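Shown next, in structure tokens, is the structure this report addresses.
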Amino acid sequence: MVRSFWVEGVWVSSGLEVVLVSVYAPQGNEGKRQIWGELGQLMNSCSGGYVLMGDFNEVRDESERMGSQFHPASARLFNQFIEDANLFDIALGGPRFTWSDKWGSKFRKLDRFLVSEGLLAFFPHLSGLVLEKKILNHRPIILLEHSVDYDPKPFQFFHSLFNHEGLDEVV
């Protein structure tokens, strides 16, 4: 069973080597350990930036799960993988959970973007967005790089008053 698929390339505008990895992690802890080991080897073998994206079948903490039992040991393993690989979990806007059962009684944040520090150096304004669920039990997620410049714009503010002699006075 294929659990990950990756594409290597060069981001033309920056010259950065980038590896995009689509992940579908198995549900069992042993399978997760195996895929995380394989991903770690992949990241160690190439230079450049990485985006690991997809269904990791694991939550990072209790707040990412509702309606089912939280397993702290599994979350610790996942968090250790993220820390050891020096990856950053991109914040997702929109709905809090990315997966729900068909009855709408269990919810989890299983889907995410994990990116390398090298990629964040070139794209510091990365964010993610959870989209509306249409058919499947997973909501699609999208990665965005958006920079907003809130620097002050030069302008002049004039306020004139009409005085009793009929002359404008600038305040």
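Naming scheme: A, B, ... for chains in displayed order of the structure tokens; residues 1 onward per chain; ligands 1 onward as shown.
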
Got a sec: who's within 9 Å of Arg3 in chain A, counting only C-alpha atoms, leaving out chain neighbours fewer than 2 positions off, as a compact mmCIF listing (two decimals) with N, CA and C atoms, in the first residue's frame?
# COMPACT_ATOMS: atom_id res chain seq x y z
N MET A 1 0.84 -1.19 0.00
CA MET A 1 0.00 0.00 0.00
C MET A 1 0.88 1.24 0.00
N PHE A 5 3.57 9.95 -1.40
CA PHE A 5 3.93 10.23 -2.79
C PHE A 5 4.63 11.57 -2.77
N SER A 22 2.89 14.06 -0.35
CA SER A 22 1.51 13.79 0.02
C SER A 22 1.51 12.54 0.90
N VAL A 23 0.93 12.66 2.10
CA VAL A 23 1.00 11.60 3.10
C VAL A 23 -0.39 11.04 3.39
N TYR A 24 -0.47 9.73 3.46
CA TYR A 24 -1.63 9.05 4.05
C TYR A 24 -1.08 8.06 5.06
N ALA A 25 -1.12 8.44 6.33
CA ALA A 25 -0.55 7.60 7.38
C ALA A 25 -1.54 6.51 7.77
N PRO A 26 -1.04 5.32 8.07
CA PRO A 26 -1.93 4.25 8.53
C PRO A 26 -2.48 4.57 9.93
N ILE A 35 6.23 4.85 8.55
CA ILE A 35 6.17 5.92 7.55
C ILE A 35 6.94 7.16 8.01

Exercise for review: Compile the contact shell of range 92-109 of chain A as a PyMOL selection string: residues with an atom at most 7 Å away, counting only C-alpha atoms, same-chain residues fewer than 3 positions apart removed.
Suggested key: chain A and resi 59+64-68+127-131+137-139

Would you mind exporting the chosen residues as a short mmCIF file (atom, residue, chain, number, x, y, z; two decimals), in the first residue's frame, restricted to N, CA, C and O atoms?
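The file below, out.cif, is the result:
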data_model
loop_
_atom_site.label_atom_id
_atom_site.label_comp_id
_atom_site.auth_asym_id
_atom_site.auth_seq_id
_atom_site.Cartn_x
_atom_site.Cartn_y
_atom_site.Cartn_z
N VAL A 59 -3.56 13.13 15.98
CA VAL A 59 -3.72 14.48 16.52
C VAL A 59 -2.49 14.80 17.36
O VAL A 59 -1.79 13.90 17.83
N GLU A 64 -7.49 18.67 19.55
CA GLU A 64 -7.69 18.34 18.14
C GLU A 64 -8.60 17.11 17.95
O GLU A 64 -8.67 16.55 16.87
N ARG A 65 -9.31 16.76 19.00
CA ARG A 65 -10.17 15.57 18.95
C ARG A 65 -11.42 15.85 19.79
O ARG A 65 -11.33 16.41 20.87
N MET A 66 -12.59 15.44 19.27
CA MET A 66 -13.83 15.61 20.03
C MET A 66 -14.74 14.39 19.77
O MET A 66 -14.88 13.97 18.62
N GLY A 67 -15.31 13.86 20.84
CA GLY A 67 -16.24 12.75 20.71
C GLY A 67 -15.60 11.38 20.71
O GLY A 67 -16.28 10.38 20.48
N SER A 68 -14.30 11.31 20.96
CA SER A 68 -13.61 10.03 21.02
C SER A 68 -12.45 10.13 22.00
O SER A 68 -12.06 11.23 22.40
N SER A 127 0.20 29.97 5.33
CA SER A 127 -0.95 29.65 6.16
C SER A 127 -1.77 28.61 5.43
O SER A 127 -1.59 28.38 4.24
N GLY A 128 -2.65 27.99 6.15
CA GLY A 128 -3.52 26.98 5.56
C GLY A 128 -4.97 27.34 5.78
O GLY A 128 -5.31 28.13 6.66
N LEU A 129 -5.82 26.74 4.98
CA LEU A 129 -7.25 26.99 5.09
C LEU A 129 -7.99 25.68 4.94
O LEU A 129 -7.72 24.90 4.02
N VAL A 130 -8.91 25.43 5.87
CA VAL A 130 -9.77 24.24 5.80
C VAL A 130 -11.01 24.65 5.02
O VAL A 130 -11.69 25.62 5.36
N LEU A 131 -11.29 23.90 3.96
CA LEU A 131 -12.42 24.22 3.08
C LEU A 131 -13.66 23.44 3.50
O LEU A 131 -13.61 22.57 4.37
N ASN A 137 -15.42 12.23 4.14
CA ASN A 137 -15.39 12.54 5.57
C ASN A 137 -14.23 13.47 5.95
O ASN A 137 -14.13 13.88 7.09
N HIS A 138 -13.36 13.80 4.98
CA HIS A 138 -12.28 14.76 5.22
C HIS A 138 -12.60 16.07 4.51
O HIS A 138 -13.09 16.08 3.39
N ARG A 139 -12.28 17.16 5.18
CA ARG A 139 -12.39 18.47 4.54
C ARG A 139 -11.09 18.72 3.79
O ARG A 139 -10.01 18.46 4.32
#

Check your understanding: Residues at most 12 Å from Glu17 in chain A, counting only C-alpha atoms, excluding those fewer than 3 positions away in the same chain, as a list of chain:residue names?
Key -> A:Val7, A:Glu8, A:Gly9, A:Val10, A:Trp11, A:Val12, A:Ser13, A:Ser14, A:Leu20, A:Met43, A:Cys46, A:Ser47, A:Gly48, A:Gly49, A:Tyr50, A:Val51, A:Ser116, A:Gly118, A:Leu119, A:Phe122

Point to revise | Distance criterion (only C-alpha atoms): nearest to Asp89 in chain A out of A:Asp111, A:Ala73, A:Asn44, A:Lys32 | key: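 When distances to Asp89 in chain A are compared using only C-alpha atoms, the smallest one comes from A:Asp111.
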
Review point. When DSSP works through the backbone of this structure, what residues of chain A end up as strand (DSSP E or B), shown as an MDAnalysis selection string?
Key: chainID A and resid 4:11 16:24 49:55 65:66 87:89 92:93 99:100 107:108 111:116 126:130 138 141:145 160:162 168:170

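Pairwise distance (CA of Phe113 in chain A, CA of Gly54 in chain A) equals 6.9 Å.
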
Exercise for review: Enumerate as an MDAnalysis selection string all residues of chain A assigned to helix (DSSP H, G or I) by DSSP on the backbone, naming them with the chain letters and numbers the document uses.
Suggested key: chainID A and resid 29:45 62:64 72:84 117:122

So that I have them on file, write out the residues from the current selection with C-alpha atoms, as an mmCIF file, in the first residue's frame.
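Saved file part07.cif follows:
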data_model
loop_
_atom_site.group_PDB
_atom_site.id
_atom_site.type_symbol
_atom_site.label_atom_id
_atom_site.label_comp_id
_atom_site.auth_asym_id
_atom_site.auth_seq_id
_atom_site.Cartn_x
_atom_site.Cartn_y
_atom_site.Cartn_z
ATOM 1 C CA ASN A 29 1.120 3.084 15.696
ATOM 2 C CA GLU A 30 3.569 0.613 14.137
ATOM 3 C CA GLY A 31 2.629 1.708 10.621
ATOM 4 C CA LYS A 32 2.933 5.362 11.642
ATOM 5 C CA ARG A 33 6.415 4.773 13.078
ATOM 6 C CA GLN A 34 7.415 3.124 9.813
ATOM 7 C CA ILE A 35 6.173 5.924 7.546
ATOM 8 C CA TRP A 36 7.635 8.617 9.806
ATOM 9 C CA GLY A 37 10.999 6.824 9.647
ATOM 10 C CA GLU A 38 10.778 6.680 5.844
ATOM 11 C CA LEU A 39 9.898 10.378 5.672
ATOM 12 C CA GLY A 40 12.799 11.200 7.986
ATOM 13 C CA GLN A 41 15.203 9.341 5.694
ATOM 14 C CA LEU A 42 13.809 11.166 2.665
ATOM 15 C CA MET A 43 14.294 14.543 4.321
ATOM 16 C CA ASN A 44 17.852 13.651 5.380
ATOM 17 C CA SER A 45 18.797 12.572 1.854
ATOM 18 C CA GLU A 62 -6.473 16.648 23.130
ATOM 19 C CA SER A 63 -7.974 19.842 21.650
ATOM 20 C CA GLU A 64 -7.693 18.337 18.141
ATOM 21 C CA PRO A 72 -1.471 10.711 24.738
ATOM 22 C CA ALA A 73 1.209 8.145 23.837
ATOM 23 C CA SER A 74 0.277 8.279 20.123
ATOM 24 C CA ALA A 75 0.261 12.079 20.184
ATOM 25 C CA ARG A 76 3.709 12.089 21.839
ATOM 26 C CA LEU A 77 5.089 9.889 19.038
ATOM 27 C CA PHE A 78 3.671 12.228 16.398
ATOM 28 C CA ASN A 79 4.978 15.337 18.152
ATOM 29 C CA GLN A 80 8.396 13.680 18.527
ATOM 30 C CA PHE A 81 8.502 12.979 14.776
ATOM 31 C CA ILE A 82 7.678 16.643 14.041
ATOM 32 C CA GLU A 83 10.326 17.862 16.484
ATOM 33 C CA ASP A 84 13.033 15.422 15.317
ATOM 34 C CA GLU A 117 12.501 25.667 8.234
ATOM 35 C CA GLY A 118 14.220 26.110 4.848
ATOM 36 C CA LEU A 119 10.876 26.547 3.127
ATOM 37 C CA LEU A 120 9.659 29.008 5.765
ATOM 38 C CA ALA A 121 12.770 31.122 5.189
ATOM 39 C CA PHE A 122 11.694 31.660 1.563
#

Review point. A:Gly15, A:Ala91, A:Leu110, A:Val21: which is nearest Asp61 in chain A, counting only C-alpha atoms?
Key: A:Leu110

Practice item. Work out how far apart CA of Leu114 in chain A and CA of Leu52 in chain A are and give it in Å to one decimal. Key: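 Computing it gives 5.0 Å between the two atoms.
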
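What separates CA of Ile142 in chain A from CA of Arg60 in chain A is a distance of 19.5 Å.
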
Exercise for review: Measuring atom to atom with only C-alpha atoms, identify which of A:Leu136, A:Val115, A:Leu126, A:Leu143 is nearest to Val18 in chain A.
Suggested key: A:Val115
